[in-house]
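What follows is one structure encoded as C-alpha cells, with my remarks underneath.
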Amino acid sequence: MILDPDYPHIVLSYTYRGARIELDRSEWNGSPIYAAWVNYATGTALAVPKAWTRSEALQKAQRWVDRKLV
C-alpha cells in the first residue's frame with residue numbers, strides 16, 4: 001500500500017503533430033519538477049520522466065514525438 005501516492009497535476013495540455021502532450025507538475029524536496037506524457041493513437045508514453053523547468057519538459061517532449069512518432 002502506498003501511503004502518499006503522487007497523483008498527476010496536469011498544468012498544460014496541447015496537440016503537437018497529432019499527439020497530445022500533457023505536462024505534469026510535482027514537487028521534489030520542495031522544488032518544482034515536471035514530467036511530460038504523450039498520448040497518441042495507439043497508446044500513452046512517459047516521454048520526459050524529469051525536467052527542472054517547464055520549457056525543458058516541453059522541448060524534450062516535442063523531440064520525443066519527432067523521434068518516435070514522425
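Residues in the C-alpha cells are numbered from 1 in each chain, the chains being A, B, ... in the order shown, and ligands are numbered from 1 in the order shown.
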Which of range 10-61 of chain A fall in alpha helix (DSSP H), as an MDAnalysis selection string: chainID A and resid 54:61
Residue list (strand (DSSP E or B), DSSP) for range 21-53 of chain A, as JSON, numbers by chain: {"A": [21, 22, 23, 24, 25, 26, 27, 28, 31, 32, 33, 34, 35, 36, 37, 38, 39, 40, 43, 44, 45, 46, 47, 48, 49, 50, 51]}
Pick from A:Val48, A:Val70, A:Leu58, A:Val65, whichever lies nearest to Val11 in chain A using only C-alpha atoms: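 Closest to Val11 in chain A of all the choices is A:Leu58.
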Distance query range 16-30 of chain A at most 8 Å, only C-alpha atoms, self and fewer than 6 positions along chain excluded, as a list of chain:residue names: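 Using only C-alpha atoms, the neighbours found are A:Pro8, A:His9, A:Ile10, A:Ala36, A:Trp37, A:Val38, A:Asn39, A:Tyr40, A:Ala41, A:Arg54, A:Ala57, A:Leu58, A:Ala61, A:Gln62, A:Val65, A:Val70.
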Output the selection as a tab-separated table (two decimals), in the first residue's frame - all heavy atoms for each residue.
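out_22.tsv, freshly written:
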```
chain	number	residue	atom	x	y	z
A	8	PRO	N	-1.18	12.79	-10.77
A	8	PRO	CA	-0.74	13.78	-11.75
A	8	PRO	C	-1.50	15.10	-11.60
A	8	PRO	O	-2.69	15.12	-11.31
A	8	PRO	CB	-1.06	13.13	-13.10
A	8	PRO	CG	-1.82	11.90	-12.83
A	8	PRO	CD	-1.79	11.64	-11.38
A	9	HIS	N	-0.76	16.18	-11.76
A	9	HIS	CA	-1.32	17.53	-11.74
A	9	HIS	C	-1.01	18.16	-13.09
A	9	HIS	O	0.04	18.79	-13.26
A	9	HIS	CB	-0.72	18.36	-10.61
A	9	HIS	CG	-0.90	17.75	-9.26
A	9	HIS	ND1	-2.12	17.68	-8.64
A	9	HIS	CD2	-0.02	17.16	-8.43
A	9	HIS	CE1	-1.99	17.08	-7.47
A	9	HIS	NE2	-0.72	16.74	-7.33
A	10	ILE	N	-1.89	17.94	-14.06
A	10	ILE	CA	-1.67	18.43	-15.42
A	10	ILE	C	-1.86	19.94	-15.44
A	10	ILE	O	-2.93	20.44	-15.11
A	10	ILE	CB	-2.63	17.74	-16.43
A	10	ILE	CG1	-2.49	16.22	-16.35
A	10	ILE	CG2	-2.38	18.25	-17.84
A	10	ILE	CD1	-1.11	15.67	-16.64
A	36	ALA	N	6.44	14.93	-18.66
A	36	ALA	CA	5.57	15.09	-19.83
A	36	ALA	C	5.10	13.72	-20.32
A	36	ALA	O	5.91	12.82	-20.52
A	36	ALA	CB	6.30	15.83	-20.95
A	37	TRP	N	3.79	13.62	-20.50
A	37	TRP	CA	3.16	12.43	-21.04
A	37	TRP	C	2.76	12.71	-22.47
A	37	TRP	O	2.34	13.82	-22.80
A	37	TRP	CB	1.92	12.07	-20.24
A	37	TRP	CG	2.21	11.67	-18.84
A	37	TRP	CD1	2.39	12.49	-17.77
A	37	TRP	CD2	2.39	10.34	-18.37
A	37	TRP	NE1	2.67	11.75	-16.65
A	37	TRP	CE2	2.66	10.42	-16.99
A	37	TRP	CE3	2.33	9.09	-18.98
A	37	TRP	CZ2	2.88	9.31	-16.22
A	37	TRP	CZ3	2.54	7.98	-18.19
A	37	TRP	CH2	2.82	8.08	-16.84
A	38	VAL	N	2.86	11.71	-23.33
A	38	VAL	CA	2.43	11.84	-24.72
A	38	VAL	C	1.35	10.80	-24.98
A	38	VAL	O	1.57	9.60	-24.79
A	38	VAL	CB	3.62	11.65	-25.70
A	38	VAL	CG1	3.13	11.68	-27.13
A	38	VAL	CG2	4.67	12.71	-25.47
A	39	ASN	N	0.18	11.27	-25.39
A	39	ASN	CA	-0.93	10.40	-25.76
A	39	ASN	C	-1.03	10.42	-27.28
A	39	ASN	O	-1.11	11.49	-27.88
A	39	ASN	CB	-2.24	10.91	-25.16
A	39	ASN	CG	-2.18	10.95	-23.66
A	39	ASN	OD1	-1.81	9.99	-23.02
A	39	ASN	ND2	-2.53	12.09	-23.09
A	40	TYR	N	-1.00	9.23	-27.89
A	40	TYR	CA	-1.08	9.14	-29.34
A	40	TYR	C	-2.06	8.04	-29.71
A	40	TYR	O	-2.67	7.43	-28.83
A	40	TYR	CB	0.30	8.92	-29.96
A	40	TYR	CG	1.11	7.79	-29.35
A	40	TYR	CD1	1.15	6.55	-29.95
A	40	TYR	CD2	1.83	7.98	-28.17
A	40	TYR	CE1	1.88	5.52	-29.40
A	40	TYR	CE2	2.56	6.96	-27.61
A	40	TYR	CZ	2.58	5.73	-28.23
A	40	TYR	OH	3.30	4.70	-27.67
A	41	ALA	N	-2.24	7.80	-30.99
A	41	ALA	CA	-3.30	6.91	-31.48
A	41	ALA	C	-3.27	5.51	-30.86
A	41	ALA	O	-4.33	4.95	-30.58
A	41	ALA	CB	-3.23	6.81	-33.00
A	54	ARG	N	9.70	24.05	-16.91
A	54	ARG	CA	8.57	23.78	-17.80
A	54	ARG	C	9.02	23.76	-19.26
A	54	ARG	O	8.65	22.86	-20.02
A	54	ARG	CB	7.53	24.87	-17.55
A	54	ARG	CG	6.27	24.74	-18.27
A	54	ARG	CD	5.35	25.86	-17.80
A	54	ARG	NE	4.20	25.94	-18.65
A	54	ARG	CZ	3.09	26.54	-18.31
A	54	ARG	NH1	2.99	27.13	-17.15
A	54	ARG	NH2	2.09	26.57	-19.13
A	57	ALA	N	10.90	20.54	-20.19
A	57	ALA	CA	9.98	19.41	-20.34
A	57	ALA	C	9.26	19.47	-21.68
A	57	ALA	O	9.12	18.45	-22.37
A	57	ALA	CB	8.98	19.38	-19.20
A	58	LEU	N	8.82	20.65	-22.09
A	58	LEU	CA	8.11	20.79	-23.36
A	58	LEU	C	9.02	20.51	-24.55
A	58	LEU	O	8.63	19.83	-25.49
A	58	LEU	CB	7.51	22.19	-23.47
A	58	LEU	CG	6.42	22.51	-22.44
A	58	LEU	CD1	5.99	23.97	-22.56
A	58	LEU	CD2	5.24	21.58	-22.60
A	61	ALA	N	9.70	16.77	-24.74
A	61	ALA	CA	8.52	16.04	-25.18
A	61	ALA	C	8.33	16.18	-26.69
A	61	ALA	O	8.01	15.21	-27.39
A	61	ALA	CB	7.28	16.53	-24.45
A	62	GLN	N	8.54	17.37	-27.21
A	62	GLN	CA	8.41	17.57	-28.65
A	62	GLN	C	9.48	16.81	-29.41
A	62	GLN	O	9.21	16.21	-30.46
A	62	GLN	CB	8.48	19.06	-28.99
A	62	GLN	CG	7.23	19.80	-28.56
A	62	GLN	CD	7.31	21.29	-28.81
A	62	GLN	OE1	8.37	21.83	-29.15
A	62	GLN	NE2	6.19	21.96	-28.63
A	65	VAL	N	8.40	13.18	-29.56
A	65	VAL	CA	7.40	12.98	-30.62
A	65	VAL	C	8.08	12.95	-31.99
A	65	VAL	O	7.79	12.09	-32.82
A	65	VAL	CB	6.31	14.08	-30.57
A	65	VAL	CG1	5.41	14.02	-31.80
A	65	VAL	CG2	5.48	13.94	-29.30
A	70	VAL	N	7.11	10.56	-35.76
A	70	VAL	CA	7.07	11.18	-37.09
A	70	VAL	C	7.92	10.41	-38.07
A	70	VAL	O	8.84	9.79	-37.78
A	70	VAL	CB	7.52	12.66	-37.02
A	70	VAL	CG1	7.58	13.27	-38.39
A	70	VAL	CG2	6.57	13.43	-36.13
```
Using only C-alpha atoms: which of A:Leu12, A:Tyr34, A:Ala47, A:Leu3 has the shortest distance to Asp66 in chain A: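 Closest candidate: A:Ala47.
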Which of A:Thr15, A:Gln59, A:Tyr7, A:Lys68 sits closest to Ala45 in chain A [using only C-alpha atoms]: A:Lys68
Closest of A:Pro5, A:Thr53, A:Thr44, A:Tyr14 to Ser31 in chain A - atom-to-atom distances counting only C-alpha atoms: A:Thr53
Pairwise distance for CA of Ala51 in chain A and CA of Ile33 in chain A, rounded to one decimal in Å: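 Interatomic distance here is 5.9 Å.
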